[in-house]
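Heads up: the structure comes next, in structure tokens.
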Amino acid sequence: MTRISQQSDIQSITTVESINHRKEKSQYGKNVAKLSITGSKIIARNCYICNKMGRLCYISRCYRDYRSAGNKAKIDNEQSLKEMGAINLGLSQRIGGGKIATFIAGVCGVARYALKVRKGDVVVLQYPIKKYFSLICRISRLRGATTIAFIHDLGSFRRKKLTPRQEIRRLNHADNVIAANASMERWLSEQGCRCRLSWLGLHDYRSPAQAPQRPYSRRKVVVYAGSLNNRKNSFLLQLPAIAHNVDIHLYGDKENLHGMEASDSLKINGFMDADEFISSVKGDFGLVWDGNSSDECSGNWGEYLKINTPHKVSFYIRSHLPVVVWKQSAVASIVKKEGIGVCINSLAELNRLNDITEEKMTEMLANVSRVAERLSKGDNFKHAIREAMKHSLLSS
């Protein structure tokens, strides 16, 4: 599979967004005349929208918090769907509440969806959806709706609660699947996923915070932010001795990372709110690395990085920090293409960051700023949804 190419004879799916704003009055199969697309040179005139491209819809959720990367990404995508004119067929979004309240809200949301979905709807599902994904897809198919599964995580890699075969069987209930990146798309295809496949790239990251301008520094500061524990990132214990030419700044609770102590080149800042981090972090690069080895991203976490796009990459970019990523990770090709960071084989290569000239850093930061602007508006997700809809239209 390759990423879906632009089709000159298919008008922009943005037309559907405008129709959704008039959702109760929309008439399927009619021409939409003289619709100007804001911020674009494309003008769709007399664009025929077929029945299968009816309302763009989604099911909002009850989120227990908004701080975790998974929930943050899903909440951001719901905002993007609203801006696209999508209709929430579930309950209203709510943040907070215990397990029981979240479970009840989930059941009620699916029940409401079953009553509201109708023929021609295009329904975006943020995968994984615990317990209900297959059921929602079956309901959608029975009602004549099309489903697009947007993958945030694969349980067969992250939590190992599913085998790859079970995961593929579940995903095959959808009509379209948007993978995290080209490597994940290829893996899904090789494992037997029969859905129409496309991919995202980088996750969006919305925040009102403004990242500061940072002066050039010869000695680089490498930032690592996230959950700190021996299971996922014990490589940090080796970092001060290996990367001795750079300073390391950690952000996170170190209680579960036993043996981690501050030193002259290692500063432990503790947990910091995401918006505060974006507006105040002091550093030159953000590190994306998992596992217990400094030579490579090892174990299950390393295998997952070969097909996954960590939300942390977008968090760093939104903070105007160029990223340092493992050369074998799926996101490495994106980092290289966009010019937003450095790809390394081992953590010992962090010492070479000091060789980057001021001119090169200025160029890299300009690229980071450009991509961060895109992420802050939800452009990547919106583009991925439009491409999936076009692919669905072309294949029907």
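Naming scheme: A, B, ... for chains in displayed order of the structure tokens; residues 1 onward per chain; ligands 1 onward as shown.
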
Within 9 Å of A:Lys119, counting only C-alpha atoms, which residues qualify if same-chain residues fewer than 4 places away don't, as a count of residues only? 10

Using the chain letters and numbers from this document, which residues of stretch 89-147 of chain A does DSSP assign to alpha helix (DSSP H), as an mmCIF file with N, CA and C atoms, in the first residue's frame?
```cif
data_model
loop_
_atom_site.group_PDB
_atom_site.id
_atom_site.type_symbol
_atom_site.label_atom_id
_atom_site.label_comp_id
_atom_site.auth_asym_id
_atom_site.auth_seq_id
_atom_site.Cartn_x
_atom_site.Cartn_y
_atom_site.Cartn_z
ATOM 1 N N LYS A 99 -14.310 4.843 37.054
ATOM 2 C CA LYS A 99 -14.430 3.753 36.092
ATOM 3 C C LYS A 99 -15.884 3.406 35.803
ATOM 4 N N ILE A 100 -16.704 3.386 36.853
ATOM 5 C CA ILE A 100 -18.111 3.005 36.666
ATOM 6 C C ILE A 100 -18.837 4.033 35.814
ATOM 7 N N ALA A 101 -18.612 5.318 36.124
ATOM 8 C CA ALA A 101 -19.262 6.390 35.362
ATOM 9 C C ALA A 101 -18.804 6.368 33.902
ATOM 10 N N THR A 102 -17.516 6.106 33.686
ATOM 11 C CA THR A 102 -16.981 6.044 32.327
ATOM 12 C C THR A 102 -17.588 4.869 31.565
ATOM 13 N N PHE A 103 -17.748 3.725 32.243
ATOM 14 C CA PHE A 103 -18.342 2.544 31.603
ATOM 15 C C PHE A 103 -19.791 2.810 31.213
ATOM 16 N N ILE A 104 -20.554 3.379 32.129
ATOM 17 C CA ILE A 104 -21.975 3.660 31.855
ATOM 18 C C ILE A 104 -22.111 4.651 30.704
ATOM 19 N N ALA A 105 -21.266 5.681 30.722
ATOM 20 C CA ALA A 105 -21.301 6.675 29.648
ATOM 21 C C ALA A 105 -20.974 6.033 28.304
ATOM 22 N N GLY A 106 -20.037 5.079 28.319
ATOM 23 C CA GLY A 106 -19.678 4.386 27.083
ATOM 24 C C GLY A 106 -20.831 3.584 26.521
ATOM 25 N N VAL A 107 -21.513 2.850 27.384
ATOM 26 C CA VAL A 107 -22.671 2.046 26.956
ATOM 27 C C VAL A 107 -23.782 2.944 26.414
ATOM 28 N N CYS A 108 -24.066 4.020 27.125
ATOM 29 C CA CYS A 108 -25.118 4.946 26.693
ATOM 30 C C CYS A 108 -24.760 5.625 25.376
ATOM 31 N N GLY A 109 -23.489 5.935 25.208
ATOM 32 C CA GLY A 109 -23.049 6.566 23.968
ATOM 33 C C GLY A 109 -23.244 5.658 22.768
ATOM 34 N N VAL A 110 -22.927 4.379 22.930
ATOM 35 C CA VAL A 110 -23.112 3.419 21.842
ATOM 36 C C VAL A 110 -24.602 3.230 21.545
ATOM 37 N N ALA A 111 -25.415 3.194 22.595
ATOM 38 C CA ALA A 111 -26.865 3.042 22.407
ATOM 39 C C ALA A 111 -27.439 4.233 21.639
ATOM 40 N N ARG A 112 -26.996 5.427 21.988
ATOM 41 C CA ARG A 112 -27.465 6.631 21.279
ATOM 42 C C ARG A 112 -27.008 6.609 19.831
ATOM 43 N N TYR A 113 -25.780 6.151 19.623
ATOM 44 C CA TYR A 113 -25.263 6.057 18.258
ATOM 45 C C TYR A 113 -26.127 5.126 17.406
ATOM 46 N N ALA A 114 -26.514 3.989 17.975
ATOM 47 C CA ALA A 114 -27.318 3.014 17.240
ATOM 48 C C ALA A 114 -28.637 3.612 16.775
ATOM 49 N N LEU A 115 -29.162 4.556 17.541
ATOM 50 C CA LEU A 115 -30.431 5.202 17.194
ATOM 51 C C LEU A 115 -30.251 6.331 16.191
ATOM 52 N N LYS A 116 -29.072 6.976 16.190
ATOM 53 C CA LYS A 116 -28.865 8.184 15.391
ATOM 54 C C LYS A 116 -28.196 7.946 14.038
ATOM 55 N N PHE A 133 -15.797 -1.709 19.689
ATOM 56 C CA PHE A 133 -15.403 -1.398 18.316
ATOM 57 C C PHE A 133 -16.124 -2.274 17.296
ATOM 58 N N SER A 134 -16.069 -3.577 17.475
ATOM 59 C CA SER A 134 -16.696 -4.491 16.517
ATOM 60 C C SER A 134 -18.203 -4.281 16.453
ATOM 61 N N LEU A 135 -18.809 -4.055 17.614
ATOM 62 C CA LEU A 135 -20.257 -3.829 17.666
ATOM 63 C C LEU A 135 -20.640 -2.572 16.894
ATOM 64 N N ILE A 136 -19.900 -1.489 17.089
ATOM 65 C CA ILE A 136 -20.200 -0.234 16.392
ATOM 66 C C ILE A 136 -20.069 -0.417 14.883
ATOM 67 N N CYS A 137 -19.034 -1.141 14.461
ATOM 68 C CA CYS A 137 -18.850 -1.383 13.024
ATOM 69 C C CYS A 137 -20.002 -2.198 12.448
ATOM 70 N N ARG A 138 -20.465 -3.198 13.190
ATOM 71 C CA ARG A 138 -21.589 -4.012 12.719
ATOM 72 C C ARG A 138 -22.861 -3.173 12.604
ATOM 73 N N ILE A 139 -23.114 -2.353 13.617
ATOM 74 C CA ILE A 139 -24.290 -1.472 13.586
ATOM 75 C C ILE A 139 -24.214 -0.545 12.375
ATOM 76 N N SER A 140 -23.032 0.010 12.141
ATOM 77 C CA SER A 140 -22.837 0.937 11.029
ATOM 78 C C SER A 140 -23.135 0.267 9.695
ATOM 79 N N ARG A 141 -22.635 -0.940 9.526
ATOM 80 C CA ARG A 141 -22.843 -1.649 8.269
ATOM 81 C C ARG A 141 -24.322 -1.989 8.071
ATOM 82 N N LEU A 142 -24.980 -2.393 9.125
ATOM 83 C CA LEU A 142 -26.408 -2.705 9.029
ATOM 84 C C LEU A 142 -27.236 -1.482 8.653
#
```

With only C-alpha atoms as the counted atoms, please give the residues lying no more than 9 Å from A:Ala274, apart from itself and same-chain residues fewer than 5 positions off, as a list in words.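 In the requested format, the answer is Arg67, Ser207, Ala209, Ser279 and Phe315 of chain A.
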
Have a look at A:Tyr205, A:Phe271, A:Tyr224, A:Phe150 and name the one nearest to A:Asn181; count only C-alpha atoms.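 Counting only C-alpha atoms, the residue closest to A:Asn181 is A:Phe150.
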
Would you work out the distance separating atom CA of A:Tyr304 from atom CA of A:Leu188, expressed in Å to one decimal?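 Going from atom CA of A:Tyr304 over to atom CA of A:Leu188, I get 13.1 Å.
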
Just how far from atom CA of A:Asn308 is atom CA of A:Gln328, in Å to one decimal? 11.3 Å

Stretch 267-335 of chain A: which residues are strand (DSSP E or B) by DSSP, as JSON, numbers by chain? {"A": [267, 268, 285, 286, 287, 288, 323, 324, 325, 326]}

Please provide the set of residues having any atom within 12 Å of stretch 162-165 of chain A, restricted to only C-alpha atoms, with same-chain residues fewer than 4 positions apart removed, written as a list in words.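 After dropping sequence-adjacent residues, the list is Pro128, Asp153, Leu154, Gly155, Ser156, Phe157, Arg158, Arg169, Arg170, Leu171, Asn172, Trp187, Leu188, Ser189, Glu190, Gln191, Gly192 and Cys193 of chain A.
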
Please tabulate, as CSV, the residues of stretch 234-291 of chain A that come within 12 Å of stretch 368-383 of chain A, each with its closest pair of atoms and the distance in Å to one decimal, counting only C-alpha atoms and ordering rows by chain, then residue number upward.
```
residue,atom,partner,partner_atom,distance
A:Ile278,CA,A:Ala372,CA,11.4
A:Asp284,CA,A:Val368,CA,11.8
A:Phe285,CA,A:Val368,CA,11.0
A:Gly286,CA,A:Val368,CA,11.8
```

Could you please take those selected residues and save N, CA, C and O atoms as a compact mmCIF listing (two decimals), in the first residue's frame?
```txt
# COMPACT_ATOMS: atom_id res chain seq x y z
N ILE A 278 5.44 23.58 27.32
CA ILE A 278 5.57 24.20 26.00
C ILE A 278 6.07 25.64 26.11
O ILE A 278 6.92 26.07 25.33
N ASP A 284 17.36 22.16 23.79
CA ASP A 284 17.65 22.28 22.36
C ASP A 284 17.03 21.14 21.55
O ASP A 284 16.70 21.33 20.39
N PHE A 285 16.90 19.96 22.17
CA PHE A 285 16.34 18.80 21.48
C PHE A 285 15.45 18.01 22.43
O PHE A 285 15.67 18.00 23.65
N GLY A 286 14.45 17.32 21.86
CA GLY A 286 13.62 16.39 22.61
C GLY A 286 13.95 14.97 22.20
O GLY A 286 13.98 14.67 21.00
```
